[in-house]
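Structure first, commentary second.
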Amino acid sequence: MSDLFAGQAQDARTELAAQACVLHGFALPFEDALLAGVADITQAAPFRHLVTPGGHTMQVAMTNCGTFGWCSDRRGYRYDRVDPQSGLPWPSFPDAFLHLARDAAAQAGFDGYLPDACLVNRYAPGTRLSLHQDRDEDDRVAPIVSVSLGLPATFQFGGFARGDRPVRVPLAHGDVVVWGGADRMRFHGVLPVPPGRHPRLGECRINLTFRKVR
Ligand code: MD3
Ligand code: FE
């Protein structure tokens, strides 16, 4: 390895688009704190399978932390300050969550990022998330920071129309993806998670997505 890359792997970062990049392994130093944070959050606000407005139960199990949580039911999609299952505010961000989200955003060129929501997604093997846009946030420019934990998966990075053919991006435990500005409204999804067992998380993939809702 040349001096230019001393101390840092040469493939530490992959550019996906002008304002979207993968920071490979960026979350690994935060691993223990992140897993402890997920355990705390899910004790207060357990994973659940939301029902879409169309009446379908989502394959991905979800919960939230932060000021706002993403909710879905027969009435529609929205962000709410309260967990409808408990009637209580969502658990606040564990310190390590905010720290990681701010560091990753800054690394990707978004200084001063202050997310107010974090959606926690859990995928069992075979679970997929079909192509969609994230359009329930008032702020459609602030970045979304996504942290992959557990089983690897293939992310679909699409265009601005549903029909645009997506690019496949492999994501491993500890990878962080940051998307903002012009690339914030791209269609995206996750292909079915292949079977496997992760040493720390078992038969599951967990994804944290930090957002600025308001
Ligand atoms: C790409 N989650 O929760 S990362 C979601 O891995 C979601 O659980 C996926 O899509 C997951 O909505 C993908 C998050 C993500 C969020 C917004 C994006 C990826 C994005 C906006 C533009 C492009
Ligand atoms: Fe999304």
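Scheme for the structure tokens: letters A, B, ... for chains in order shown; per-chain residue numbers from 1; ligand numbers from 1 in order shown.
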I'd like the contact shell of region 19-35 of chain A - 6 Å cut-off, only C-alpha atoms, skipping same-chain residues fewer than 4 positions apart - returned as a PDB file with N, CA and C atoms, in the first residue's frame.
```pdb
ATOM      1  N   ALA A  12     -12.025   2.223   1.286  1.00  0.00           N
ATOM      2  CA  ALA A  12     -12.855   2.603   2.423  1.00  0.00           C
ATOM      3  C   ALA A  12     -14.129   3.323   2.003  1.00  0.00           C
ATOM      4  N   ARG A  13     -14.122   3.826   0.760  1.00  0.00           N
ATOM      5  CA  ARG A  13     -15.272   4.619   0.346  1.00  0.00           C
ATOM      6  C   ARG A  13     -15.629   4.330  -1.106  1.00  0.00           C
ATOM      7  N   THR A  14     -16.919   4.164  -1.389  1.00  0.00           N
ATOM      8  CA  THR A  14     -17.398   3.993  -2.758  1.00  0.00           C
ATOM      9  C   THR A  14     -18.380   5.112  -3.075  1.00  0.00           C
ATOM     10  N   GLU A  15     -18.137   5.841  -4.157  1.00  0.00           N
ATOM     11  CA  GLU A  15     -19.074   6.887  -4.575  1.00  0.00           C
ATOM     12  C   GLU A  15     -20.188   6.228  -5.392  1.00  0.00           C
ATOM     13  N   GLY A 174     -21.441  -3.130   9.362  1.00  0.00           N
ATOM     14  CA  GLY A 174     -20.586  -1.977   9.642  1.00  0.00           C
ATOM     15  C   GLY A 174     -20.528  -0.947   8.533  1.00  0.00           C
ATOM     16  N   ASP A 175     -21.101  -1.262   7.365  1.00  0.00           N
ATOM     17  CA  ASP A 175     -21.098  -0.269   6.281  1.00  0.00           C
ATOM     18  C   ASP A 175     -22.104   0.843   6.582  1.00  0.00           C
ATOM     19  N   VAL A 176     -21.738   2.050   6.190  1.00  0.00           N
ATOM     20  CA  VAL A 176     -22.616   3.209   6.369  1.00  0.00           C
ATOM     21  C   VAL A 176     -22.787   3.875   5.010  1.00  0.00           C
ATOM     22  N   VAL A 177     -24.027   4.192   4.666  1.00  0.00           N
ATOM     23  CA  VAL A 177     -24.291   4.885   3.410  1.00  0.00           C
ATOM     24  C   VAL A 177     -24.900   6.240   3.740  1.00  0.00           C
ATOM     25  N   VAL A 178     -24.436   7.268   3.030  1.00  0.00           N
ATOM     26  CA  VAL A 178     -24.959   8.620   3.237  1.00  0.00           C
ATOM     27  C   VAL A 178     -25.507   9.127   1.909  1.00  0.00           C
ATOM     28  N   TRP A 179     -26.757   9.587   1.916  1.00  0.00           N
ATOM     29  CA  TRP A 179     -27.393  10.117   0.702  1.00  0.00           C
ATOM     30  C   TRP A 179     -28.037  11.432   1.047  1.00  0.00           C
ATOM     31  N   GLY A 180     -27.729  12.445   0.253  1.00  0.00           N
ATOM     32  CA  GLY A 180     -28.341  13.737   0.527  1.00  0.00           C
ATOM     33  C   GLY A 180     -28.501  14.542  -0.728  1.00  0.00           C
ATOM     34  N   ASP A 183     -29.442  13.548  -4.477  1.00  0.00           N
ATOM     35  CA  ASP A 183     -29.673  12.101  -4.553  1.00  0.00           C
ATOM     36  C   ASP A 183     -30.647  11.582  -3.492  1.00  0.00           C
TER      37      ASP A 183
END
```
Practice task
Dump the neighbourhood of ligand 1 as number ranges by chain: all residues within 6 Å, distances computed on only C-alpha atoms and all ligand atoms.
Solution key: A: 121, 134, 144, 146, 179, 183-186, 188-190, 207, 209
Exercise for the section: Extract the full set of alpha helix (DSSP H) residues from region 23-174 of chain A according to DSSP on the backbone, and format it as a list of chain:residue names. Expected result: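 Filtering region 23-174 of chain A down to alpha helix (DSSP H) leaves A:Glu31, A:Asp32, A:Ala33, A:Leu34, A:Leu35, A:Ala36, A:Gly37, A:Val38, A:Ala39, A:Asp40, A:Ile41, A:Thr42, A:Gln43, A:Ala44, A:Asp95, A:Ala96, A:Phe97, A:Leu98, A:His99, A:Leu100, A:Ala101, A:Arg102, A:Asp103, A:Ala104, A:Ala105, A:Ala106, A:Gln107.
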The selected residues should be written to file as a PDB file, in the first residue's frame (atoms: C-alpha atoms).
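Result file follows (out.pdb):
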```
ATOM      1  CA  GLU A  31     -20.356  -1.880  17.034  1.00  0.00           C
ATOM      2  CA  ASP A  32     -20.759  -2.659  20.743  1.00  0.00           C
ATOM      3  CA  ALA A  33     -22.468   0.642  21.523  1.00  0.00           C
ATOM      4  CA  LEU A  34     -24.807   0.299  18.540  1.00  0.00           C
ATOM      5  CA  LEU A  35     -25.869  -3.237  19.480  1.00  0.00           C
ATOM      6  CA  ALA A  36     -26.424  -2.169  23.106  1.00  0.00           C
ATOM      7  CA  GLY A  37     -28.456   0.785  21.808  1.00  0.00           C
ATOM      8  CA  VAL A  38     -30.633  -1.460  19.645  1.00  0.00           C
ATOM      9  CA  ALA A  39     -31.243  -3.742  22.657  1.00  0.00           C
ATOM     10  CA  ASP A  40     -32.303  -0.759  24.809  1.00  0.00           C
ATOM     11  CA  ILE A  41     -34.584   0.639  22.117  1.00  0.00           C
ATOM     12  CA  THR A  42     -36.317  -2.649  21.389  1.00  0.00           C
ATOM     13  CA  GLN A  43     -36.907  -3.288  25.081  1.00  0.00           C
ATOM     14  CA  ALA A  44     -38.897  -0.034  25.281  1.00  0.00           C
ATOM     15  CA  ASP A  95     -25.356   8.714  22.446  1.00  0.00           C
ATOM     16  CA  ALA A  96     -23.435   6.465  20.050  1.00  0.00           C
ATOM     17  CA  PHE A  97     -26.225   6.729  17.443  1.00  0.00           C
ATOM     18  CA  LEU A  98     -26.028  10.510  17.223  1.00  0.00           C
ATOM     19  CA  HIS A  99     -22.235  10.468  17.344  1.00  0.00           C
ATOM     20  CA  LEU A 100     -22.000   7.982  14.463  1.00  0.00           C
ATOM     21  CA  ALA A 101     -24.637   9.729  12.332  1.00  0.00           C
ATOM     22  CA  ARG A 102     -22.917  13.115  12.697  1.00  0.00           C
ATOM     23  CA  ASP A 103     -19.429  11.710  12.021  1.00  0.00           C
ATOM     24  CA  ALA A 104     -20.590   9.788   8.937  1.00  0.00           C
ATOM     25  CA  ALA A 105     -22.495  12.771   7.515  1.00  0.00           C
ATOM     26  CA  ALA A 106     -19.465  15.040   8.033  1.00  0.00           C
ATOM     27  CA  GLN A 107     -17.186  12.455   6.399  1.00  0.00           C
TER      28      GLN A 107
END
```
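Comparing A:Asn64, A:Arg200, A:Asp116, A:Ile206 by their smallest distance to Ser148 (chain A), the closest is A:Ile206 (using only C-alpha atoms).
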Problem - Spatial neighbours of Phe210 (chain A), 6 Å, only C-alpha atoms, chain gap at least 4 places, as number ranges by chain - result: A: 117-118, 144-145
Practice task
Give me every strand (DSSP E or B) residue in region 138-195 of chain A, going by DSSP on the backbone, as a VMD selection string.
Solution key: chain A and resid 144 to 150 153 to 157 167 to 171 176 to 179 188 to 190
Problem - Length of the CA of Arg140 (chain A) to CA of Met62 (chain A) vector [Å] - result: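 That distance, rounded to one decimal, is 21.7 Å.
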Problem - Selected residue, from A:Phe155, A:Asp80, A:Pro192, A:Gly69, that lies nearest to ligand 2 when counting only C-alpha atoms and all ligand atoms - result: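 Among the listed residues, the smallest separation from ligand 2 belongs to A:Phe155.
Distances here use only C-alpha atoms; by that measure, the residue among A:Gly181, A:Pro125, A:Pro89, A:Gly159 closest to Val193 (chain A) is A:Pro125.
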Exercise for the section: Counting only C-alpha atoms and all ligand atoms, figure out which residue out of A:His132, A:Cys204, A:Pro195, A:Lys212 gets nearest to ligand 2. Expected result: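 Of the candidates, the smallest distance to ligand 2 is held by A:His132.
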Practice task
In Å, rounded to a single decimal, give me how far CA of Pro152 (chain A) is from CA of Asp139 (chain A).
Solution key: 29.3 Å
Handout entry: Nearest to ligand 2 by atom-to-atom distance, counting only C-alpha atoms and all ligand atoms, from A:Ala153, A:Val213, A:Ala161, A:Leu119
Key =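 With only C-alpha atoms and all ligand atoms as the atom set, the closest residue is A:Leu119.
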